[in-house]
>>> print(open('coords01.cif').read())   # mmCIF, C-alpha atoms and all ligand atoms
data_data
#
loop_
_atom_site.label_atom_id
_atom_site.label_comp_id
_atom_site.auth_asym_id
_atom_site.auth_seq_id
_atom_site.Cartn_x
_atom_site.Cartn_y
_atom_site.Cartn_z
CA MET A 1 -0.49 20.98 16.86
CA LYS A 2 -0.49 20.93 20.66
CA LYS A 3 -1.60 17.30 20.58
CA LEU A 4 1.38 16.37 18.38
CA ILE A 5 3.90 18.18 20.59
CA GLU A 6 2.57 16.55 23.72
CA GLY A 7 2.62 13.25 21.87
CA ALA A 8 6.30 13.66 20.96
CA VAL A 9 7.16 14.20 24.62
CA ALA A 10 5.01 11.27 25.70
CA PHE A 11 6.69 9.03 23.11
CA ARG A 12 10.15 9.75 24.54
CA GLN A 13 8.93 9.16 28.08
CA ASN A 14 6.93 6.00 27.39
CA ASP A 15 7.34 3.93 24.21
CA PHE A 16 10.92 5.00 23.55
CA GLU A 17 11.95 4.17 27.08
CA THR A 18 10.27 0.74 26.88
CA HIS A 19 12.11 -0.13 23.66
CA GLU A 20 15.32 1.80 24.28
CA LYS A 21 17.58 -1.14 23.42
CA LEU A 22 15.79 -1.73 20.10
CA PHE A 23 16.10 1.94 19.14
CA PHE A 24 19.80 1.91 20.08
CA GLU A 25 20.39 -1.01 17.70
CA LEU A 26 18.26 0.59 14.98
CA GLY A 27 20.37 3.73 15.29
CA LYS A 28 23.13 1.95 13.36
CA GLU A 29 21.22 0.33 10.50
CA GLN A 30 17.89 -0.90 9.22
CA ASN A 31 17.20 -4.38 7.98
CA PRO A 32 13.46 -4.50 7.21
CA HIS A 33 12.02 -7.82 6.04
CA THR A 34 9.05 -6.32 4.22
CA LEU A 35 8.19 -3.56 1.79
CA PHE A 36 4.67 -2.45 2.74
CA ILE A 37 2.82 -0.42 0.11
CA GLY A 38 -0.34 1.10 1.53
CA CYS A 39 -2.74 3.96 1.03
CA SER A 40 -1.96 7.31 2.67
CA ASP A 41 -5.32 7.08 4.46
CA SER A 42 -5.00 8.10 8.13
CA ARG A 43 -6.95 5.03 9.23
CA LEU A 44 -4.47 2.54 7.82
CA VAL A 45 -1.59 2.14 10.28
CA PRO A 46 0.83 -0.48 8.88
CA GLY A 47 2.81 -1.09 12.08
CA MET A 48 -0.35 -1.48 14.15
CA ILE A 49 -2.24 -3.85 11.83
CA THR A 50 0.80 -6.10 11.44
CA THR A 51 1.94 -5.89 15.08
CA THR A 52 5.45 -5.04 13.93
CA MET A 53 8.13 -2.88 15.50
CA PRO A 54 10.20 -0.04 14.03
CA GLY A 55 12.80 -1.48 11.65
CA GLU A 56 10.59 -4.26 10.28
CA LEU A 57 8.56 -2.53 7.57
CA PHE A 58 9.91 -0.29 4.83
CA ILE A 59 6.80 1.69 3.98
CA ILE A 60 5.54 3.44 0.87
CA ARG A 61 2.24 5.23 1.17
CA ASN A 62 0.42 7.08 -1.54
CA VAL A 63 -3.14 7.84 -2.59
CA ALA A 64 -4.90 4.51 -3.31
CA ASN A 65 -1.76 2.37 -2.77
CA LEU A 66 -0.72 2.50 -6.41
CA VAL A 67 2.37 1.02 -8.06
CA PRO A 68 3.29 2.74 -11.33
CA PRO A 69 4.16 0.19 -14.02
CA PHE A 70 7.95 -0.03 -14.47
CA GLN A 71 9.32 2.76 -16.62
CA HIS A 72 12.49 4.73 -17.31
CA THR A 73 10.76 8.03 -18.02
CA GLY A 74 11.43 9.78 -14.72
CA ASP A 75 7.73 9.98 -13.83
CA TYR A 76 6.46 8.78 -10.46
CA LEU A 77 10.01 8.69 -9.11
CA ALA A 78 9.06 8.86 -5.42
CA THR A 79 7.27 5.52 -5.54
CA ILE A 80 9.51 3.83 -8.12
CA SER A 81 12.74 4.78 -6.33
CA ALA A 82 11.42 3.62 -2.96
CA ILE A 83 10.47 0.25 -4.47
CA GLU A 84 13.91 0.01 -6.06
CA PHE A 85 15.68 0.89 -2.81
CA ALA A 86 13.67 -1.60 -0.76
CA VAL A 87 14.17 -4.50 -3.17
CA GLN A 88 17.63 -3.83 -4.56
CA ALA A 89 19.46 -2.15 -1.67
CA LEU A 90 17.66 -3.41 1.43
CA GLU A 91 16.81 -6.78 -0.17
CA VAL A 92 13.45 -7.20 1.54
CA GLU A 93 11.99 -10.71 1.47
CA ASN A 94 8.34 -9.71 1.11
CA ILE A 95 6.22 -7.07 -0.57
CA VAL A 96 2.72 -6.42 0.72
CA ILE A 97 0.29 -4.24 -1.23
CA CYS A 98 -2.43 -3.24 1.18
CA GLY A 99 -5.72 -1.71 0.07
CA HIS A 100 -8.53 -0.87 2.46
CA SER A 101 -12.26 -0.35 2.82
CA ASN A 102 -13.86 3.06 2.25
CA CYS A 103 -10.83 4.20 0.19
CA GLY A 104 -11.28 7.80 -0.95
CA GLY A 105 -8.72 7.36 -3.73
CA CYS A 106 -10.61 4.42 -5.23
CA ALA A 107 -13.94 6.23 -4.83
CA ALA A 108 -12.49 9.27 -6.64
CA LEU A 109 -12.13 7.18 -9.80
CA PHE A 110 -15.88 7.48 -10.23
CA LYS A 111 -16.22 11.18 -9.37
CA PRO A 112 -17.27 13.72 -12.01
CA GLU A 113 -14.67 16.03 -13.56
CA ALA A 114 -15.78 18.94 -11.33
CA TYR A 115 -14.59 17.03 -8.24
CA PHE A 116 -10.98 17.40 -9.41
CA GLN A 117 -11.07 21.16 -9.90
CA LYS A 118 -8.80 21.73 -6.88
CA LEU A 119 -7.13 18.33 -7.19
CA PRO A 120 -5.26 18.34 -10.54
CA HIS A 121 -2.33 16.30 -9.22
CA THR A 122 -4.62 13.75 -7.58
CA ARG A 123 -6.44 13.43 -10.89
CA LYS A 124 -3.16 12.83 -12.73
CA TRP A 125 -1.95 10.29 -10.12
CA LEU A 126 -5.23 8.36 -10.25
CA GLU A 127 -4.86 7.91 -14.01
CA LEU A 128 -2.65 4.99 -12.97
CA ALA A 129 -5.79 3.25 -11.70
CA LEU A 130 -8.04 3.92 -14.71
CA PRO A 131 -7.61 0.32 -16.00
CA VAL A 132 -9.11 -0.81 -12.67
CA LYS A 133 -12.12 1.47 -13.17
CA GLU A 134 -12.65 0.08 -16.68
CA LYS A 135 -12.56 -3.50 -15.41
CA VAL A 136 -15.02 -2.72 -12.61
CA LEU A 137 -17.45 -1.04 -15.03
CA GLN A 138 -17.29 -4.11 -17.28
CA ILE A 139 -18.21 -6.39 -14.38
CA LEU A 140 -20.70 -4.05 -12.69
CA PRO A 141 -21.96 -1.62 -15.34
CA ASP A 142 -24.81 -0.48 -13.09
CA GLY A 143 -23.88 -2.03 -9.75
CA ASN A 144 -24.86 -0.33 -6.52
CA HIS A 145 -22.41 1.97 -4.82
CA ALA A 146 -21.34 -0.49 -2.09
CA SER A 147 -20.54 -3.42 -4.35
CA ARG A 148 -18.68 -1.18 -6.76
CA GLU A 149 -16.68 0.24 -3.87
CA TRP A 150 -15.29 -3.02 -2.52
CA LEU A 151 -14.79 -4.48 -5.99
CA THR A 152 -12.73 -1.45 -7.02
CA GLU A 153 -10.64 -1.56 -3.85
CA GLN A 154 -9.93 -5.28 -4.22
CA MET A 155 -9.33 -5.24 -7.97
CA ASN A 156 -7.00 -2.32 -7.44
CA VAL A 157 -4.82 -4.46 -5.14
CA VAL A 158 -4.71 -7.25 -7.74
CA GLU A 159 -3.80 -4.76 -10.48
CA GLN A 160 -0.92 -3.37 -8.42
CA ILE A 161 0.51 -6.89 -7.96
CA LYS A 162 0.61 -7.12 -11.77
CA HIS A 163 2.36 -3.75 -11.93
CA LEU A 164 5.00 -4.93 -9.43
CA LEU A 165 5.81 -7.84 -11.73
CA THR A 166 6.65 -5.39 -14.55
CA TYR A 167 9.79 -4.47 -12.58
CA PRO A 168 12.47 -6.78 -14.04
CA TYR A 169 14.35 -7.21 -10.74
CA ILE A 170 11.09 -7.99 -8.88
CA ALA A 171 9.94 -10.53 -11.48
CA GLU A 172 13.34 -12.22 -11.32
CA LYS A 173 13.37 -12.54 -7.53
CA PHE A 174 9.71 -13.58 -7.45
CA GLU A 175 10.34 -16.38 -9.96
CA LYS A 176 13.41 -17.53 -8.04
CA GLY A 177 11.34 -17.63 -4.86
CA THR A 178 13.51 -15.13 -2.97
CA LEU A 179 10.77 -12.48 -2.87
CA SER A 180 7.13 -13.01 -1.92
CA ILE A 181 4.34 -10.70 -3.06
CA SER A 182 1.03 -10.47 -1.19
CA GLY A 183 -2.11 -8.45 -1.85
CA TRP A 184 -4.06 -7.49 1.26
CA TYR A 185 -7.42 -5.85 1.84
CA TYR A 186 -7.97 -4.30 5.26
CA ILE A 187 -11.46 -3.60 6.59
CA ILE A 188 -11.29 -0.62 8.90
CA GLU A 189 -14.39 -1.22 11.00
CA THR A 190 -13.75 -4.93 11.70
CA GLY A 191 -9.95 -5.08 11.82
CA GLU A 192 -10.03 -8.01 9.38
CA ILE A 193 -7.34 -8.41 6.75
CA TYR A 194 -8.02 -10.50 3.65
CA CYS A 195 -5.16 -11.85 1.53
CA TYR A 196 -5.44 -12.39 -2.20
CA ASN A 197 -4.99 -16.03 -3.16
CA ILE A 198 -3.28 -15.78 -6.54
CA GLU A 199 -4.12 -19.39 -7.53
CA LYS A 200 -7.79 -19.27 -6.52
CA GLY A 201 -8.31 -15.66 -7.62
CA PHE A 202 -10.08 -14.37 -4.52
CA PHE A 203 -9.42 -12.80 -1.12
CA GLU A 204 -9.32 -15.00 2.00
CA LEU A 205 -9.46 -13.88 5.61
CA ILE A 206 -6.07 -14.09 7.33
CA ASN A 207 -6.65 -16.26 10.36
ZN ZN B 301 -7.26 4.74 0.52
#
>>> encode(input="coords01.cif", output="structure tokens")
Amino acid sequence: MKKLIEGAVAFRQNDFETHEKLFFELGKEQNPHTLFIGCSDSRLVPGMITTTMPGELFIIRNVANLVPPFQHTGDYLATISAIEFAVQALEVENIVICGHSNCGGCAALFKPEAYFQKLPHTRKWLELALPVKEKVLQILPDGNHASREWLTEQMNVVEQIKHLLTYPYIAEKFEKGTLSISGWYYIIETGEIYCYNIEKGFFELIN
């Protein structure tokens, strides 16, 4: 905790001071251009990997960067309401779904039942990604651990793009061309980000 408290003081003395004018303006309103949906993983830092400033990204983070399919049931409200607010109220121009390498959430899809003994809510949440697991097992029924890992992480990003398009207001804006949707895959140890090319059906390095 000491590290965090010292960090809060250092922030005010350093970064805040450097960008004081920006923070003053942001004190009145936010006008983010992008909804960034990423994993909660501590190693994925959206502002850092996109070189953006406060006020630019509206961020949703959850285990395995999942988007629940559109529904009226009242389930998964935290994620669904944040998507709704970003698109309908803040009118963001872009949505980025960002998966990453070595994702614990994606790996958990293949864990035995005993693994979830203390993680009942994680287990329930990850049910949203079970179609991804099924697709991976069809392609790599007995693939090695490494190839299954990256395939799951990348297919998961593609699946979440499909889920986004089940939201009527997102599909409408996407078709009109007023909202872009991108699927990204971030590799922690190299800093590389790959973007899913919807037409070609594979991930390309952003350069
Ligand atoms: Zn993750």
>>> closest_residue(input="coords01.cif", among="A:Gly55, A:Pro69, A:Gly7, A:Gly27", to="A:Ile170", atoms="only C-alpha atoms")
A:Pro69
>>> atom_distance(input="coords01.cif", atom1="atom CA of A:Ser40", atom2="atom CA of A:Leu205")
22.7 Å
>>> residues_near_point(input="coords01.cif", point="(-3.1, -1.2, 1.3)", cutoff="9 Å", atoms="only C-alpha atoms", output="ChimeraX atom specification")
/A:36-40,44,46,61,64-66,96-100,157,183-186
>>> atom_distance(input="coords01.cif", atom1="atom CA of A:Glu159", atom2="atom CA of A:Gly47")
23.8 Å
>>> closest_residue(input="coords01.cif", among="A:Glu84, A:Asp15, A:Asp75, A:Asp41", to="A:Asn62", atoms="all atoms listed in the file")
A:Asp41
>>> atom_distance(input="coords01.cif", atom1="atom CA of A:Asn94", atom2="atom CA of A:Ser180")
4.6 Å
>>> closest_residue(input="coords01.cif", among="A:Lys118, A:Trp125, A:Asn156, A:Val67", to="A:Cys106", atoms="all atoms listed in the file")
A:Asn156
>>> residues_around(input="coords01.cif", residues="A:Ala82", least_positions_apart="4", cutoff="9 Å", atoms="only C-alpha atoms", output="count of residues only")
7
>>> residues_around(input="coords01.cif", residues="A:Trp150", least_positions_apart="3", cutoff="8 Å", atoms="only C-alpha atoms", output="list in words")
Ser101, Asn102, Ala146, Ser147, Glu153 and Gln154 of chain A
>>> residues_around(input="coords01.cif", residues="A:Glu127", least_positions_apart="3", cutoff="12 Å", atoms="all atoms listed in the file", output="ChimeraX atom specification")
/A:63-64,66-69,76,105-106,108-110,120-124,130-134
>>> closest_residue(input="coords01.cif", among="A:Glu172, A:Glu17, A:Glu56, A:Glu6", to="A:Glu29", atoms="all atoms listed in the file")
A:Glu56
>>> closest_residue(input="coords01.cif", among="A:Met155, A:Cys103, A:Leu165, A:Leu179", to="ligand ZN 301 (chain B)", atoms="only C-alpha atoms and all ligand atoms")
A:Cys103
>>> closest_residue(input="coords01.cif", among="A:Lys111, A:His163, A:His145, A:Arg43", to="ligand ZN 301 (chain B)", atoms="only C-alpha atoms and all ligand atoms")
A:Arg43
>>> axis_aligned_box(input="coords01.cif", around="stretch 130-139 of chain A", padding_each_side="6 Å", output="JSON")
{"center_x": -12.9, "center_y": -1.2, "center_z": -14.9, "size_x": 22.6, "size_y": 22.3, "size_z": 16.7}
